[in-house]
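*Asks:* work18.tsv is reproduced in full below (TSV, C-alpha atoms).
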```tsv
chain	number	residue	atom	x	y	z
R	1	MET	CA	104.40	143.00	26.51
R	2	THR	CA	101.08	142.33	28.12
R	3	ALA	CA	99.40	138.98	28.10
R	4	HIS	CA	96.73	140.29	25.79
R	5	SER	CA	99.10	141.55	23.12
R	6	LEU	CA	101.06	138.29	23.33
R	7	LEU	CA	97.85	136.38	22.73
R	8	SER	CA	96.83	138.55	19.79
R	9	SER	CA	100.28	138.16	18.23
R	10	LEU	CA	99.93	134.38	18.46
R	11	LEU	CA	96.47	134.39	16.93
R	12	PRO	CA	97.59	134.23	13.26
R	13	LEU	CA	99.42	131.01	14.09
R	14	LEU	CA	96.17	129.37	15.09
R	15	THR	CA	94.79	128.70	11.61
R	16	PRO	CA	97.85	126.88	10.23
R	17	ILE	CA	98.23	124.81	13.39
R	18	VAL	CA	94.59	123.80	13.40
R	19	MET	CA	94.71	123.13	9.67
R	20	LEU	CA	97.77	120.88	9.86
R	21	LEU	CA	96.36	119.07	12.89
R	22	ALA	CA	93.08	118.50	11.08
R	23	LEU	CA	94.88	117.23	7.98
R	24	ALA	CA	97.06	114.91	10.04
R	25	LEU	CA	94.05	113.60	11.95
R	26	LEU	CA	92.10	113.06	8.74
R	27	PHE	CA	94.95	111.19	7.08
R	28	GLY	CA	95.72	109.22	10.21
R	29	GLY	CA	92.11	108.15	10.39
R	30	LEU	CA	92.13	107.22	6.73
R	31	LEU	CA	95.25	105.08	7.14
R	32	GLY	CA	93.88	103.52	10.32
R	33	PHE	CA	90.69	102.64	8.48
R	34	ALA	CA	92.69	101.23	5.55
R	35	ALA	CA	94.86	99.19	7.89
R	36	THR	CA	91.83	97.36	9.27
R	37	ARG	CA	89.79	97.32	6.06
R	38	PHE	CA	92.63	95.98	3.90
R	39	ARG	CA	94.30	93.80	6.50
R	40	VAL	CA	96.15	90.87	4.95
R	41	GLU	CA	95.84	87.68	6.92
R	42	GLY	CA	98.99	85.61	6.72
R	43	ASN	CA	98.56	81.89	7.16
R	44	PRO	CA	99.18	81.49	10.92
R	45	LEU	CA	99.68	77.74	10.54
R	46	VAL	CA	102.70	78.24	8.26
R	47	ASP	CA	104.37	80.41	10.90
R	48	ARG	CA	103.70	77.93	13.68
R	49	VAL	CA	105.03	75.03	11.60
R	50	ASN	CA	108.04	77.13	10.61
R	51	ALA	CA	108.78	77.81	14.28
R	52	LEU	CA	109.11	74.07	14.89
R	53	LEU	CA	111.51	73.44	12.00
R	54	PRO	CA	115.23	73.63	12.82
R	55	GLN	CA	115.96	76.55	10.40
R	56	THR	CA	119.06	74.93	8.94
R	57	GLN	CA	117.83	75.97	5.45
R	58	CYS	CA	119.58	72.83	4.20
R	59	GLY	CA	117.06	71.86	1.53
R	60	GLN	CA	117.28	68.15	2.30
R	61	CYS	CA	113.47	68.00	2.32
R	62	GLY	CA	113.45	69.00	-1.36
R	63	HIS	CA	112.19	72.52	-0.65
R	64	PRO	CA	114.46	75.57	-0.99
R	65	GLY	CA	114.33	76.32	2.74
R	66	CYS	CA	112.47	75.82	5.98
R	67	LYS	CA	109.69	78.34	5.28
R	68	PRO	CA	108.72	76.78	1.92
R	69	TYR	CA	108.68	73.36	3.60
R	70	ALA	CA	106.48	74.81	6.36
R	71	ALA	CA	104.09	76.08	3.66
R	72	ALA	CA	104.07	72.60	2.08
R	73	ILE	CA	103.32	70.98	5.45
R	74	ALA	CA	100.54	73.46	6.14
R	75	ALA	CA	99.07	72.54	2.75
R	76	GLY	CA	98.99	68.89	3.78
R	77	GLY	CA	102.49	67.65	2.87
R	78	ALA	CA	104.39	64.87	4.63
R	79	ILE	CA	105.94	65.83	7.97
R	80	ASN	CA	108.81	63.33	7.95
R	81	LYS	CA	111.22	64.92	5.46
R	82	CYS	CA	113.44	66.86	7.87
R	83	PRO	CA	116.64	64.99	8.82
R	84	PRO	CA	118.20	67.81	10.90
R	85	GLY	CA	115.07	68.01	13.03
R	86	GLY	CA	114.77	64.27	13.31
R	87	LYS	CA	112.40	62.43	15.60
R	88	ALA	CA	111.80	65.36	17.95
R	89	THR	CA	110.66	67.69	15.16
R	90	ILE	CA	108.38	65.04	13.65
R	91	ALA	CA	106.80	64.40	17.05
R	92	ALA	CA	106.27	68.15	17.61
R	93	LEU	CA	104.76	68.59	14.13
R	94	ALA	CA	102.48	65.59	14.64
R	95	ASP	CA	101.38	67.11	17.92
R	96	LEU	CA	100.67	70.50	16.33
R	97	LEU	CA	98.81	69.14	13.31
R	98	GLY	CA	97.01	66.32	15.09
R	99	VAL	CA	98.34	63.62	12.78
R	100	ALA	CA	100.23	60.41	13.49
R	101	ALA	CA	104.01	60.72	13.76
R	102	GLU	CA	105.88	58.73	11.12
R	103	PRO	CA	109.51	57.63	11.09
R	104	LEU	CA	111.93	59.86	9.19
R	105	ASP	CA	111.79	59.36	5.41
R	106	ALA	CA	115.24	57.89	4.71
R	107	THR	CA	115.26	59.14	1.09
R	108	HIS	CA	115.85	62.65	2.45
R	109	GLY	CA	118.74	61.69	4.72
R	110	VAL	CA	119.36	60.29	8.17
R	111	GLU	CA	119.29	61.98	11.52
R	112	SER	CA	122.68	62.69	13.02
R	113	SER	CA	124.05	64.77	15.84
R	114	ARG	CA	124.41	68.52	15.30
R	115	LYS	CA	127.42	69.33	13.16
R	116	VAL	CA	129.30	72.42	12.17
R	117	ALA	CA	131.39	73.04	9.04
R	118	TYR	CA	135.15	73.44	9.43
R	119	ILE	CA	137.40	74.75	6.65
R	120	ARG	CA	140.98	73.48	6.66
R	121	GLU	CA	142.30	76.92	6.03
R	122	ALA	CA	145.77	75.91	4.80
R	123	GLU	CA	144.14	74.09	1.88
R	124	CYS	CA	141.52	76.70	1.00
R	125	ILE	CA	142.19	78.28	-2.41
R	126	GLY	CA	139.66	81.11	-2.00
R	127	CYS	CA	137.28	80.12	-4.81
R	128	THR	CA	134.16	81.51	-2.97
R	129	LYS	CA	132.06	78.54	-4.12
R	130	CYS	CA	131.17	77.54	-0.56
R	131	ILE	CA	130.18	81.15	0.24
R	132	GLN	CA	127.64	81.08	-2.57
R	133	ALA	CA	126.32	77.72	-1.42
R	134	CYS	CA	125.85	78.75	2.22
R	135	PRO	CA	122.15	79.48	2.86
R	136	VAL	CA	122.77	81.43	6.08
R	137	ASP	CA	125.88	83.46	5.12
R	138	ALA	CA	127.99	81.75	7.76
R	139	ILE	CA	131.17	81.64	5.63
R	140	LEU	CA	133.47	84.62	5.61
R	141	GLY	CA	136.09	85.32	2.93
R	142	SER	CA	136.62	86.77	-0.52
R	143	ALA	CA	138.06	85.74	-3.86
R	144	ARG	CA	141.63	84.35	-3.68
R	145	HIS	CA	141.62	84.80	0.09
R	146	MET	CA	141.17	82.18	2.75
R	147	HIS	CA	137.61	81.46	3.91
R	148	THR	CA	136.44	80.52	7.35
R	149	VAL	CA	133.21	79.49	9.05
R	150	ILE	CA	131.42	81.60	11.65
R	151	VAL	CA	130.61	78.81	14.05
R	152	SER	CA	127.74	80.59	15.78
R	153	GLU	CA	125.99	81.10	12.42
R	154	CYS	CA	126.62	77.67	10.89
R	155	THR	CA	123.56	75.41	10.91
R	156	GLY	CA	125.48	72.31	9.86
R	157	CYS	CA	123.49	71.82	6.65
R	158	ASP	CA	126.60	70.55	4.75
R	159	LEU	CA	125.58	72.34	1.53
R	160	CYS	CA	129.10	73.82	1.35
R	161	VAL	CA	130.84	70.44	1.28
R	162	ALA	CA	129.89	69.37	-2.25
R	163	PRO	CA	130.85	72.60	-4.13
R	164	CYS	CA	134.38	72.73	-2.63
R	165	PRO	CA	136.84	71.88	-5.44
R	166	VAL	CA	139.67	70.94	-3.07
R	167	ASP	CA	137.58	69.10	-0.45
R	168	CYS	CA	138.90	71.16	2.42
R	169	ILE	CA	135.60	71.35	4.34
R	170	ASP	CA	134.89	68.89	7.14
R	171	MET	CA	131.69	68.48	9.06
R	172	ILE	CA	132.71	68.10	12.69
R	173	PRO	CA	130.41	67.51	15.67
R	174	ALA	CA	129.27	70.81	17.12
R	175	GLN	CA	130.42	71.52	20.63
R	176	THR	CA	127.72	72.72	22.92
R	177	ALA	CA	128.62	76.03	24.48
R	178	LEU	CA	128.47	76.20	28.24
R	179	GLN	CA	125.59	78.67	28.07
R	180	ARG	CA	123.53	76.29	25.96
R	181	TRP	CA	124.26	73.08	27.87
R	182	HIS	CA	121.35	71.34	29.49
R	183	TRP	CA	120.68	67.97	31.03
R	184	PRO	CA	119.75	65.41	28.39
R	185	LEU	CA	116.03	64.77	28.25
R	186	PRO	CA	114.91	61.44	29.66
R	187	GLU	CA	114.05	58.82	27.07
R	188	PRO	CA	110.26	58.62	27.00
R	189	ALA	CA	109.05	55.18	28.06
R	190	ALA	CA	106.18	53.45	26.28
R	191	LEU	CA	103.76	53.30	29.14
R	192	ILE	CA	100.75	52.03	27.28
R	193	ALA	CA	100.22	50.52	23.84
R	194	SER	CA	98.79	53.70	22.24
R	195	ASP	CA	102.04	55.58	22.96
R	196	ARG	CA	103.80	53.43	20.39
R	197	ARG	CA	101.38	54.50	17.68
R	198	GLN	CA	102.03	58.15	18.55
R	199	GLY	CA	105.67	57.63	17.63
R	200	VAL	CA	106.92	57.63	21.22
R	201	HIS	CA	109.49	54.89	21.41
R	202	ALA	CA	111.21	53.65	24.50
Q	1	MET	CA	91.86	118.01	-26.49
Q	2	THR	CA	94.82	119.31	-28.47
Q	3	ASP	CA	95.89	121.24	-25.38
Q	4	MET	CA	95.90	118.06	-23.31
Q	5	LEU	CA	97.87	116.23	-25.96
Q	6	LEU	CA	100.42	119.03	-26.11
Q	7	LEU	CA	100.63	119.01	-22.29
Q	8	LEU	CA	101.30	115.26	-22.35
Q	9	VAL	CA	103.95	115.46	-25.07
Q	10	GLY	CA	105.51	118.42	-23.30
Q	11	ALA	CA	105.74	116.58	-19.99
Q	12	ILE	CA	106.97	113.31	-21.52
Q	13	LEU	CA	109.52	114.53	-24.06
Q	14	VAL	CA	110.24	118.25	-23.95
Q	15	ASN	CA	110.32	118.91	-20.21
Q	16	ASN	CA	111.17	115.37	-19.23
Q	17	PHE	CA	111.40	115.29	-15.45
Q	18	VAL	CA	114.53	113.20	-15.24
Q	19	LEU	CA	116.60	114.32	-18.20
Q	20	THR	CA	115.59	117.97	-18.54
Q	21	GLN	CA	114.51	119.05	-15.05
Q	22	PHE	CA	116.78	116.59	-13.19
Q	23	LEU	CA	114.10	115.51	-10.72
Q	24	GLY	CA	113.70	111.96	-9.46
Q	25	LEU	CA	117.31	111.06	-10.12
Q	26	CYS	CA	117.71	108.69	-7.18
Q	27	PRO	CA	115.14	106.10	-8.30
Q	28	PHE	CA	116.41	106.68	-11.84
Q	29	MET	CA	119.88	105.56	-10.76
Q	30	GLY	CA	118.83	103.17	-8.02
Q	31	THR	CA	116.23	101.01	-9.74
Q	32	SER	CA	117.58	100.94	-13.28
Q	33	GLY	CA	120.02	98.07	-12.74
Q	34	LYS	CA	117.56	95.49	-14.00
Q	35	LEU	CA	114.78	95.86	-16.56
Q	36	GLU	CA	112.23	94.05	-14.37
Q	37	THR	CA	112.66	96.33	-11.37
Q	38	ALA	CA	112.60	99.35	-13.67
Q	39	VAL	CA	109.24	98.30	-15.11
Q	40	GLY	CA	107.86	97.72	-11.61
Q	41	MET	CA	109.10	101.08	-10.37
Q	42	ALA	CA	107.73	102.81	-13.47
Q	43	ALA	CA	104.27	101.32	-12.96
Q	44	ALA	CA	104.17	102.19	-9.26
Q	45	THR	CA	105.40	105.74	-9.83
Q	46	THR	CA	102.87	106.34	-12.61
Q	47	PHE	CA	100.03	105.30	-10.36
Q	48	VAL	CA	101.15	107.31	-7.34
Q	49	LEU	CA	102.09	110.43	-9.33
Q	50	THR	CA	98.75	110.64	-11.12
Q	51	LEU	CA	96.84	110.14	-7.88
Q	52	SER	CA	98.96	112.52	-5.84
Q	53	SER	CA	98.72	115.35	-8.39
Q	54	ALA	CA	94.92	115.10	-8.16
Q	55	CYS	CA	95.05	115.10	-4.34
Q	56	THR	CA	97.46	118.02	-4.09
Q	57	TYR	CA	95.35	120.03	-6.54
Q	58	LEU	CA	92.29	119.56	-4.33
Q	59	LEU	CA	94.28	120.41	-1.20
Q	60	TYR	CA	95.73	123.56	-2.75
Q	61	HIS	CA	92.52	124.95	-4.20
Q	62	TYR	CA	90.03	123.98	-1.49
Q	63	LEU	CA	92.08	124.27	1.70
Q	64	LEU	CA	95.35	126.16	1.34
Q	65	GLN	CA	94.21	129.01	-0.90
Q	66	PRO	CA	90.88	129.88	0.82
Q	67	PHE	CA	92.58	129.97	4.24
Q	68	GLU	CA	95.64	131.83	2.89
Q	69	LEU	CA	97.97	129.09	4.00
Q	70	VAL	CA	99.96	128.70	0.79
Q	71	PHE	CA	103.18	128.84	2.83
Q	72	LEU	CA	102.23	125.42	4.25
Q	73	ARG	CA	102.34	123.97	0.75
Q	74	THR	CA	105.52	121.90	1.00
Q	75	ILE	CA	104.83	120.28	4.35
Q	76	SER	CA	101.21	119.49	3.56
Q	77	TYR	CA	102.11	118.09	0.12
Q	78	ILE	CA	104.68	115.80	1.72
Q	79	LEU	CA	101.94	114.65	4.09
Q	80	VAL	CA	99.55	113.96	1.22
Q	81	ILE	CA	102.16	112.10	-0.83
Q	82	ALA	CA	103.18	109.92	2.12
Q	83	VAL	CA	99.55	109.06	2.81
Q	84	VAL	CA	98.80	108.29	-0.84
Q	85	VAL	CA	101.83	105.99	-1.06
Q	86	ASN	CA	100.98	104.27	2.21
Q	87	PHE	CA	97.33	103.84	1.24
Q	88	THR	CA	98.29	102.50	-2.18
Q	89	GLU	CA	100.61	100.00	-0.55
Q	90	MET	CA	97.88	98.71	1.76
Q	91	VAL	CA	95.27	98.41	-0.98
Q	92	MET	CA	97.75	96.73	-3.30
Q	93	HIS	CA	98.83	94.28	-0.62
Q	94	LYS	CA	95.21	93.22	-0.27
Q	95	THR	CA	94.00	93.31	-3.86
Q	96	ALA	CA	97.09	92.55	-5.97
Q	97	PRO	CA	99.57	90.53	-3.88
Q	98	VAL	CA	101.58	89.52	-6.96
Q	99	LEU	CA	102.16	93.12	-8.00
Q	100	TYR	CA	102.89	93.95	-4.35
Q	101	ARG	CA	105.63	91.32	-4.23
Q	102	VAL	CA	107.11	92.52	-7.55
Q	103	LEU	CA	107.27	96.17	-6.45
Q	104	GLY	CA	108.42	95.30	-2.94
Q	105	ILE	CA	110.58	98.01	-1.43
Q	106	PHE	CA	110.14	100.40	-4.38
Q	107	LEU	CA	106.60	101.32	-3.43
Q	108	PRO	CA	107.45	103.06	-0.11
Q	109	LEU	CA	110.52	104.57	-1.79
Q	110	ILE	CA	108.25	106.64	-4.05
Q	111	THR	CA	107.55	108.85	-1.04
Q	112	THR	CA	111.05	110.23	-1.36
Q	113	ASN	CA	110.91	110.64	-5.14
Q	114	CYS	CA	111.34	114.37	-5.59
Q	115	ALA	CA	109.55	114.23	-8.97
Q	116	VAL	CA	106.29	113.59	-7.09
Q	117	LEU	CA	106.64	116.74	-5.01
Q	118	GLY	CA	108.03	118.56	-8.05
Q	119	VAL	CA	104.94	117.84	-10.16
Q	120	ALA	CA	102.66	119.09	-7.40
Q	121	LEU	CA	104.57	122.36	-7.02
Q	122	ILE	CA	104.90	122.92	-10.79
Q	123	ASN	CA	101.15	122.31	-11.16
Q	124	ASP	CA	100.49	125.27	-8.82
Q	125	ASN	CA	103.01	127.50	-10.53
Q	126	ARG	CA	101.53	126.81	-13.97
Q	127	ALA	CA	98.02	127.44	-12.55
Q	128	ASN	CA	96.79	124.21	-14.10
Q	129	THR	CA	93.13	123.22	-13.90
Q	130	PHE	CA	92.18	119.92	-12.24
Q	131	ALA	CA	92.19	117.95	-15.51
Q	132	GLU	CA	95.44	119.59	-16.59
Q	133	SER	CA	97.04	118.75	-13.25
Q	134	VAL	CA	96.11	115.09	-13.53
Q	135	PHE	CA	97.27	114.94	-17.15
Q	136	TYR	CA	100.50	116.73	-16.29
Q	137	GLY	CA	101.14	114.30	-13.43
Q	138	PHE	CA	100.44	111.36	-15.70
Q	139	GLY	CA	102.66	112.83	-18.42
Q	140	ALA	CA	105.50	113.39	-15.97
Q	141	ALA	CA	105.19	109.81	-14.78
Q	142	ALA	CA	105.04	108.50	-18.34
Q	143	GLY	CA	108.20	110.45	-19.17
Q	144	PHE	CA	109.88	109.10	-16.03
Q	145	SER	CA	108.83	105.56	-16.97
Q	146	LEU	CA	110.05	105.98	-20.54
Q	147	VAL	CA	113.55	107.09	-19.65
Q	148	LEU	CA	113.79	104.70	-16.69
Q	149	ILE	CA	112.99	101.69	-18.86
Q	150	LEU	CA	115.22	102.86	-21.73
Q	151	PHE	CA	118.03	103.54	-19.28
Q	152	SER	CA	117.73	100.17	-17.55
Q	153	ALA	CA	117.85	98.40	-20.90
Q	154	MET	CA	121.04	100.33	-21.66
Q	155	ARG	CA	122.55	99.54	-18.28
Q	156	GLU	CA	121.92	95.84	-18.81
Q	157	ARG	CA	124.00	96.08	-21.99
Q	158	ILE	CA	126.67	98.16	-20.23
Q	159	ALA	CA	126.95	95.52	-17.49
Q	160	ALA	CA	128.24	93.10	-20.12
Q	161	ALA	CA	130.48	95.65	-21.85
Q	162	ASP	CA	134.20	96.06	-21.28
Q	163	VAL	CA	134.22	99.38	-19.44
Q	164	PRO	CA	137.59	100.85	-18.38
Q	165	GLU	CA	138.10	100.34	-14.67
Q	166	PRO	CA	137.85	103.99	-13.49
Q	167	PHE	CA	134.48	104.33	-15.26
Q	168	GLN	CA	132.88	101.17	-13.95
Q	169	GLY	CA	129.65	101.23	-11.94
Q	170	PRO	CA	127.87	104.51	-11.18
Q	171	ALA	CA	130.40	106.56	-13.19
Q	172	ILE	CA	129.49	105.05	-16.55
Q	173	ALA	CA	125.82	105.10	-15.56
Q	174	LEU	CA	125.94	108.84	-14.91
Q	175	ILE	CA	127.84	109.47	-18.15
Q	176	THR	CA	125.21	107.47	-20.04
Q	177	ALA	CA	122.46	109.47	-18.36
Q	178	GLY	CA	124.24	112.65	-19.42
Q	179	VAL	CA	124.40	111.53	-23.05
Q	180	MET	CA	120.72	110.59	-22.86
Q	181	SER	CA	119.96	114.03	-21.49
Q	182	LEU	CA	121.80	115.61	-24.44
Q	183	ALA	CA	119.73	113.49	-26.80
Q	184	PHE	CA	116.52	114.66	-25.13
Q	185	MET	CA	117.56	118.27	-25.75
Q	186	GLY	CA	116.69	117.51	-29.35
Q	187	PHE	CA	113.01	117.60	-28.38
Q	188	ALA	CA	113.34	121.17	-27.12
Q	189	ALA	CA	111.42	122.90	-29.91
Q	190	LEU	CA	108.84	120.15	-30.40
Q	191	VAL	CA	105.91	121.89	-28.69
```
Written as structure tokens, how would this file's structure read?

*Replies:*
Amino acid sequence: MTAHSLLSSLLPLLTPIVMLLALALLFGGLLGFAATRFRVEGNPLVDRVNALLPQTQCGQCGHPGCKPYAAAIAAGGAINKCPPGGKATIAALADLLGVAAEPLDATHGVESSRKVAYIREAECIGCTKCIQACPVDAILGSARHMHTVIVSECTGCDLCVAPCPVDCIDMIPAQTALQRWHWPLPEPAALIASDRRQGVHA
Amino acid sequence: MTDMLLLLVGAILVNNFVLTQFLGLCPFMGTSGKLETAVGMAAATTFVLTLSSACTYLLYHYLLQPFELVFLRTISYILVIAVVVNFTEMVMHKTAPVLYRVLGIFLPLITTNCAVLGVALINDNRANTFAESVFYGFGAAAGFSLVLILFSAMRERIAAADVPEPFQGPAIALITAGVMSLAFMGFAALV
């Protein structure tokens, strides 16, 4: 077969290829235009506030989770309702939002060290109530079978403690894994008087 | 006008896409668990189906036929449907965020609804005019919506019923759909 006859046999393919390419280009352009024309701006502040929250999804702030609380903060809500985050989170939020840091609101709970749930498995009756309560799906088990906690997933929110009918869930201090261990941060010293107003306590 | 009315009734009741032609069965089964999701899916499908039958008509009569490329019908229709769905999603996200949140995942799923492609292909085979195509697409979507909403209402009742264990879940749903399909055969001589 000569080159010329090969070319002429391929010629009928040209129209469909060009046509499909043109269609694809047209539609691609249309979608590209729509993507910029109808772009939806999320509220970037909510995401930045959410990144600072501890993501325990514990609901102690009175909101159903960390993201709703972040939305409330971005809308001008109080920043001192997060017990799991404690002083460090409040200071970071105050820094981000340019407002004065306040002490933790005690009506929402007190700051404590990081905890993890532990199910005394011999006493578990397999009622699945703690599984339904867990906001991060860290409890494994099924009806009438023993449940257990996936330690790496547990945020220590203690929402599973109250629903347990046989009180077999303990909150024990979380052990820091070797990979996560770091030197404790130095206590910030109040160098000048204005530091104290910023919420930095010696 | 009478023709259009007959076309609508034909597409909704007599040649119902789900129960008579057995197209679009996956959203019919998948989104009929709850009445709310069924209504959302029905609304989204109606919108997309009407729009896509208009678009595919234009594509067929002004591009594919003049260039003798009718054999590219399926692939180019899929392209058009995907674009229409995607475009609808973007516009809806911007202009109607509440509706967007209600429809959620169902909107992109319409791309794979075979009733959408089915309507486009049947439109060509019936040699419908532009207005007929749009009406036929709308009728097909209305029929889909009708049976989807009826079916989801039934499934909500079935969820509370005492179904024998081997028939629970999709089995009883499919049996119910079969009985519904039998009932729709009663419309056969309507038009």

*Asks:* Can you work out which residues from chain R touch chain Q at a cut-off of 8 Å (counting all atoms listed in the file) and hand them back as an MDAnalysis selection string?

*Replies:* chainID R and resid 15:16 20 24 27 31 34:35 38:40

*Asks:* List the neighbours of Glu123 in chain R out to 10 Å using all atoms listed in the file; skip same-chain residues closer than 6 positions along the sequence, and give me the result as a PyMOL selection string.

*Replies:* chain R and resi 146+166-169

*Asks:* Which residue is closest to Thr2 in chain Q? Choose from Q:Asp162, Q:Glu36, Q:Asp124, Q:Glu132 and count only C-alpha atoms.

*Replies:*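 Closest candidate: Q:Glu132.
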
*Asks:* In Å to one decimal, how far is CA of Ser32 in chain Q from CA of Cys134 in chain R?

*Replies:*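 That distance, rounded to one decimal, is 28.3 Å.
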
*Asks:* Mind giving me the straight-line distance from CA of Val136 in chain R to CA of Thr56 in chain R in Å, one decimal?

*Replies:*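 Those two atoms sit 8.0 Å apart.
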
*Asks:* Would you work out the distance separating CA of Leu35 in chain Q from CA of Ile149 in chain Q, expressed in Å to one decimal?

*Replies:*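 Separation of CA of Leu35 in chain Q and CA of Ile149 in chain Q: 6.5 Å.
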
*Asks:* Select, from Q:Met41, Q:Leu146, Q:Ala161, Q:Val102, the residue with the minimum atom-to-atom distance to Phe184 in chain Q, counting all atoms listed in the file.

*Replies:*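 Closest candidate: Q:Leu146.
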
*Asks:* I need the residue nearest Asn123 in chain Q from this list: Q:Cys55, Q:Ile172, Q:Ala38, Q:Met180. Use all atoms listed in the file for the distance.

*Replies:*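 Smallest separation from Asn123 in chain Q among the options: Q:Cys55.
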
*Asks:* Could you give me, as a list in words, the residues within 7 Å of range 85-91 of chain R, counting only C-alpha atoms and dropping anything in the same chain fewer than 3 positions from it?

*Replies:*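 After dropping sequence-adjacent residues, the list is Leu52, Leu53, Pro54, Ile79, Asn80, Cys82, Ala94, Asp95, Ala101, Leu104, Glu111 and Gly199 of chain R.
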
*Asks:* Of the residues Q:Leu174, Q:Ala141, Q:Thr31, Q:Gly169, which is the one nearest to Ile105 in chain Q, using only C-alpha atoms?

*Replies:*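 Using only C-alpha atoms, the shortest distance to Ile105 in chain Q belongs to Q:Thr31.
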
*Asks:* Produce the centre coordinates and the three edge lengths, each in Å to one decimal, of the box along x, y and z that contains all listed atoms of range 135-146 of chain Q with 4 Å added on each side, as JSON.

*Replies:*
```
{"center_x": 103.7, "center_y": 111.1, "center_z": -17.0, "size_x": 20.8, "size_y": 19.2, "size_z": 15.1}
```

*Asks:* Using all atoms listed in the file, which residues sit within 12 Å of Arg126 in chain Q once same-chain residues fewer than 5 positions away are excluded, as a list in words?

*Replies:*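 Neighbouring residues, sequence-local ones excluded: Leu7, Tyr57, Val119, Ala120, Leu121, Glu132, Ser133 and Tyr136 of chain Q.
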